[in-house]
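Structure first, commentary second.
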Amino acid sequence: MLDWLHIAMPPAPALFGQLLIGLINGSFYAMLSLGLAVIFGLLNIINFAHGAQYMLGAFCAYLALNYAGIGYWPSLIVAPIVVGAFGIVLERFFIRWVYRLDHLYGLLLTFGMALVIQGIFRQQYGSAGQPYSIPDLLTGGQNLGFMFLPNYRAWVIVASSAFCFGTWFIIERTRLGAYLRAATENPALVQAFGINVPRMVTLTYGFGVGLAALAGVMAAPIYQVSPLMGSNLIIVVFAVVVIGGMGSILGAIVGGFALGVIEGLTKVFYPEASSTAIFVIMVIVLLVKPAGLFGRAS
Amino acid sequence: MKYRSLLAAGFAAVFGLATAAPAAHAAKDKVIIGVMNDMSSVYSYLGGMGSVVAARMAVHDFGGKVLGKPIEVIYADHQNKPDVGAAIARKWFDEDGVDAIVDLPTSSVAIAVQQVAKERGKVTLISNGGSSELTGKFCSPTGVHWTYDTYALAHVTGSAVVKQGGKTWFFITADYAFGHQLQDDTAAVVKAAGGKVVGAVNVPLNTADFSSYLLQAQQSKAQVIGLANAGGDTVNSIKQAAEFGIVKGGQRLAGLLVFIADVNAIGLQTAQGLMLTEAYYWDQNAQTRAFAKRFEAEFNGKVPTSGQAGVYGAVMHYLKAMAAAKTEDGVKVVEQMRKMPINDFMTHNGKIRIDGRVIRDMYLFQVKSPQESKYPYDYYKQLAVVPGNEAFRPLSESECPLVKH
């Protein structure tokens with residue numbers, strides 16, 4: 001009955017490999033939850049369309065490659081801009097109307113948008129995946145002794161760490177970030193200083209959406225590009241954000257990496273629970289620290 | 001309409017006819033075939049609206065009428081949920097007068113719906129559903145399992161790979177009924193051929209990242225990594241196996257359930273060399289190509305999957321049997337179906353056994369390299385034709401209560 005309790009300790013090198021893989025997956029979680037945290041922290045919107053926007057990023061790369069011959073590297077820049085611009089349109093026409101209402105309205109609105117966007121893509125492309133290959137420059141890998149590390153994964157962890165740090169730095173350490181944070185606290189006062197708060201908020205939403213799209217482009221070569229790719233991931237990412245503390249940039253980043261590692265270890269010791277582990281942790285964190293690990297109790 | 005049913009209800013109440021037979025049956029003036037499958041989610045590309053198109057093509061080719069009544073094709077989305085599927089089936093049979101339900105991917109739903117149909121003497125024609133238990137423990141006198149099953153996949157792909165020297169296996173298995181069944185069926189084949197299973201890992205359904213499992217597979221040093229999963233899980237595991245240099249490192253992948261849409265999603269560069277078993281590939285011969293061409297014209301230029309092709313064959317055979325049996329009674333029609341050999345563009349001298357299993361040739365394919373592929377969807381090389389009585393589980397091993405041992 002309790003076979004799974006007889007856990008064989010894998011040899012140390014194998015464990016290193018799993019830890020590294022956990023970090024790599026964690027970097028995806030970090031990047032996605034970062035976008036969510038930025039949007040929630042500064043706009044007070046629970047952006048349930050984040051998964052769909054991540055999917056749009058991947059599809060944007062796929063379409064650019066197949067219809068315009070634009071490869072992976074330019075897509076890293078083009079897709080976030082295109083999808084971010086699309087996010088701005090959504091914000092201007094829909095989302096801004098619910099800022100002053102309860103969180104629930106924003107959640108329902110963005111959830112509805114996600115369903116519509118996914119529905120359109122499913123109608124057009126079906127639920128089967130579309131092919132997208134790893135850029136030539138990053139094929140192959142390095143033998144690290146304890147594991148084979150694909151070059152692409154190495155790139156993912158380096159790039160997403162850089163983006164995470166960059167975003168944290170802008171918001172927590174620059175003047176622009178200070179304006180943003182001030183606008184969240186007291187929009188009327190900040191506006192009185194001559195800062196265009198609505199525009200800043202719109203651009204922030206576009207930025208958060210762009211981060212989702214960027215993660216989508218980075219995911220395209222390794223996960224299947226399909227209309228449903230985001231809906232599978234978004235729930236996990238939400239759990240990460242809740243654990244880190246809603247709206248906390250640092251919490252999203254640290255939470256993303258940490259949960260990637262924990263999930264990775266679950267995959268070795270008790271793989272059947274790997275899709276549940278994060279939620280178990282979420283429950284524990286909510287019981288002990290309801291505002292999340294890095295959240296401020298309101 | 002409203003008035004008419006009110007009138008009918010009043011009439012029935014007055015004459016005490018209400019409970020015996022639902023009104024739809026009494027006034028049934030057409031034969032209705034219901035296509036039930038995943039229309040909106042992970043498996044919708046295997047059947048989906050394409051299966052509806054295939055069923056309508058069969059009805060059209062049959063002439064649109066049987067026993068003097070027009071034939072109607074309706075459809076519904078079971079959302080891969082057994083309770084939803086069973087509820088639709090009950091409504092279809094009891095209220096809407098549906099005669100047969102076709103397609104039924106997602107084995108758990110297929111099992112539930114087949115049970116509902118069995119209780120009512122109605123017909124199930126399963127094309128995309130995979131579990132070999134549909135004609136085993138859960139078999140039905142009115143259930144026909146048309147296109148493929150897990151036993152055949154395990155048997156054909158598994159024994160071909162062992163024959164080529166793949167003696168030690170590690171399984172990456174989708175953690176639900178279908179995945180476990182596929183792993184067990186394959187492990188039995190491997191062991192019977194003198195091979196060994198060195199490890200297995202159960203992966204939750206709909207996993208995006210397989211790297212951790214692939215690393216475990218790599219470290220097991222098994223010669224073959226058997227993928228007992230389907231759909232997006234298969235695509236992701238094969239894509240990432242290439243990334244982690246599994247095949248370059250000397251290990252081999254065996255995809256136990258791979259459809260042409262999956263190969264398309266993986267891309268030939270990565271999928272090349274993969275061996276897989278299918279009941280139909282569009283580019284096998286003039287007949288299969290002719291069907292594919294017609295299907296493409298009807299369905300946005302998409303090539304038919306084996307499951308969709310199977311829906312056509314199953315509906316056609318069902319209608320022919322109904323015409324020959326001169327009745328709509330499900331039990332009698334299926335009896336007639338068993339008597340008649342199946343011959344169409346994908347099945348040659350096929351037959352239906354007492355347990356409901358269609359015995360047909362299965363084909364072992366290998367995915368072409370990008371250089372070998374000359375035109376869109378030119379993906380497979382045929383390696384072997386495996387006769388039905390070798391591919392499918394022999395009746396002597398069947399757990400089906402209809403089989404007398």
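Simple scheme: letters A, B, ... for chains in structure tokens order, numbers from 1 for residues in each chain, numbers from 1 for ligands in the order shown.
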
Next on the checklist: Counting only C-alpha atoms, a student should be able to say which residues of chain B come within 6 Å of chain A; what is the right answer, written as a VMD selection string?
Outcome noted: chain B and resid 42 45 202 to 204 236 244 265 to 267

Item to check | Backbone DSSP call of strand (DSSP E) for stretch 189-400 of chain B, listed as a PyMOL selection string | outcome: chain B and resi 196-203+224-228+252-255+275-278+351-352+358-359+362-367+380-386

Since we have the selection now, will you write its residues out, keeping N, CA and C atoms, as a compact mmCIF listing (two decimals), in the first residue's frame?
```txt
# COMPACT_ATOMS: atom_id res chain seq x y z
N LYS B 196 13.28 -6.37 -20.31
CA LYS B 196 13.15 -6.08 -18.89
C LYS B 196 12.71 -4.63 -18.70
N VAL B 197 11.85 -4.40 -17.72
CA VAL B 197 11.45 -3.04 -17.38
C VAL B 197 12.29 -2.59 -16.20
N VAL B 198 13.12 -1.56 -16.39
CA VAL B 198 14.03 -1.15 -15.32
C VAL B 198 13.48 -0.01 -14.46
N GLY B 199 12.39 0.60 -14.91
CA GLY B 199 11.83 1.68 -14.09
C GLY B 199 10.65 2.32 -14.77
N ALA B 200 9.92 3.11 -14.01
CA ALA B 200 8.76 3.82 -14.57
C ALA B 200 8.47 5.01 -13.69
N VAL B 201 7.90 6.04 -14.29
CA VAL B 201 7.51 7.20 -13.50
C VAL B 201 6.11 7.62 -13.94
N ASN B 202 5.24 7.85 -12.95
CA ASN B 202 3.87 8.27 -13.24
C ASN B 202 3.78 9.78 -13.23
N VAL B 203 3.36 10.34 -14.35
CA VAL B 203 3.35 11.78 -14.51
C VAL B 203 1.91 12.27 -14.56
N VAL B 224 15.45 1.76 -24.03
CA VAL B 224 14.25 2.34 -24.63
C VAL B 224 13.45 3.11 -23.58
N ILE B 225 12.99 4.31 -23.96
CA ILE B 225 12.08 5.04 -23.08
C ILE B 225 10.69 4.97 -23.69
N GLY B 226 9.81 4.25 -23.04
CA GLY B 226 8.45 4.08 -23.55
C GLY B 226 7.56 5.20 -23.06
N LEU B 227 6.88 5.87 -24.00
CA LEU B 227 6.02 6.99 -23.63
C LEU B 227 4.57 6.53 -23.60
N ALA B 228 4.10 6.18 -22.40
CA ALA B 228 2.71 5.72 -22.27
C ALA B 228 1.83 6.91 -21.96
N ARG B 252 16.59 5.13 -27.01
CA ARG B 252 15.59 5.22 -28.06
C ARG B 252 14.23 5.54 -27.45
N LEU B 253 13.43 6.31 -28.19
CA LEU B 253 12.09 6.63 -27.71
C LEU B 253 11.08 5.73 -28.40
N ALA B 254 10.11 5.24 -27.65
CA ALA B 254 9.01 4.52 -28.27
C ALA B 254 7.72 5.24 -27.91
N GLY B 255 7.15 5.93 -28.88
CA GLY B 255 5.87 6.62 -28.66
C GLY B 255 4.77 5.59 -28.80
N MET B 275 9.15 5.38 -34.14
CA MET B 275 8.27 4.33 -34.64
C MET B 275 6.92 4.44 -33.96
N LEU B 276 5.88 4.20 -34.71
CA LEU B 276 4.54 4.31 -34.14
C LEU B 276 3.57 3.41 -34.89
N THR B 277 2.46 3.13 -34.24
CA THR B 277 1.46 2.24 -34.81
C THR B 277 0.18 3.02 -35.06
N GLU B 278 -0.39 2.84 -36.23
CA GLU B 278 -1.64 3.53 -36.58
C GLU B 278 -2.53 2.57 -37.38
N LYS B 351 -13.27 -7.82 -39.44
CA LYS B 351 -14.46 -8.44 -38.86
C LYS B 351 -14.62 -8.02 -37.40
N ILE B 352 -15.86 -8.12 -36.93
CA ILE B 352 -16.14 -7.74 -35.54
C ILE B 352 -16.32 -8.99 -34.72
N VAL B 358 -13.05 -4.81 -33.38
CA VAL B 358 -12.88 -4.92 -34.82
C VAL B 358 -11.47 -5.44 -35.08
N ILE B 359 -11.38 -6.52 -35.81
CA ILE B 359 -10.08 -7.09 -36.14
C ILE B 359 -9.69 -6.59 -37.52
N MET B 362 -3.10 -3.56 -38.61
CA MET B 362 -2.50 -2.35 -38.04
C MET B 362 -1.17 -2.13 -38.77
N TYR B 363 -0.71 -0.89 -38.79
CA TYR B 363 0.48 -0.57 -39.56
C TYR B 363 1.55 0.01 -38.66
N LEU B 364 2.77 -0.47 -38.86
CA LEU B 364 3.90 0.09 -38.13
C LEU B 364 4.58 1.11 -39.05
N PHE B 365 4.68 2.34 -38.56
CA PHE B 365 5.29 3.40 -39.36
C PHE B 365 6.54 3.94 -38.68
N GLN B 366 7.36 4.58 -39.51
CA GLN B 366 8.48 5.33 -38.95
C GLN B 366 8.40 6.75 -39.51
N VAL B 367 8.66 7.73 -38.66
CA VAL B 367 8.58 9.12 -39.09
C VAL B 367 9.77 9.45 -39.98
N TYR B 380 5.17 9.70 -42.94
CA TYR B 380 5.46 8.34 -42.49
C TYR B 380 6.01 7.45 -43.60
N LYS B 381 6.89 6.52 -43.19
CA LYS B 381 7.26 5.38 -44.02
C LYS B 381 6.61 4.16 -43.39
N GLN B 382 6.02 3.31 -44.22
CA GLN B 382 5.41 2.11 -43.65
C GLN B 382 6.46 1.03 -43.49
N LEU B 383 6.62 0.50 -42.27
CA LEU B 383 7.63 -0.53 -42.03
C LEU B 383 7.02 -1.93 -42.09
N ALA B 384 5.81 -2.06 -41.59
CA ALA B 384 5.21 -3.40 -41.55
C ALA B 384 3.69 -3.31 -41.49
N VAL B 385 3.06 -4.35 -42.04
CA VAL B 385 1.62 -4.51 -41.88
C VAL B 385 1.44 -5.66 -40.90
N VAL B 386 0.76 -5.40 -39.80
CA VAL B 386 0.57 -6.46 -38.81
C VAL B 386 -0.88 -6.92 -38.88
```

Next on the checklist: Taking the DSSP secondary structure from the backbone, can you list the residues of stretch 232-358 of chain B that are helix (DSSP H, G or I), as a PyMOL selection string?
Outcome noted: chain B and resi 232-243+260-266+268-271+286-298+306-325+330-339

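For the atom pair formed by atom CA of A:Arg100 and atom CA of A:Ile45, the distance is 10.0 Å, given to one decimal.
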
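Using only C-alpha atoms, the residues found no farther than 12 Å from stretch 176-189 of chain A, other than those of its own chain fewer than 6 positions away, are Val38, Ile39, Phe40, Gly41, Leu42, Leu43, Asn44, Ile45, Tyr99, Arg100, Gly166, Thr167, Trp168, Phe169, Ile170, Ile195, Asn196, Val197, Pro198, Arg199, Met200, Val201, Thr202, Leu203, Thr204, Tyr205, Gly247, Ser248 and Ile249 of chain A.
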
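For the pair atom CA of B:Glu390 and atom CA of B:Val156, the separation is 8.5 Å.
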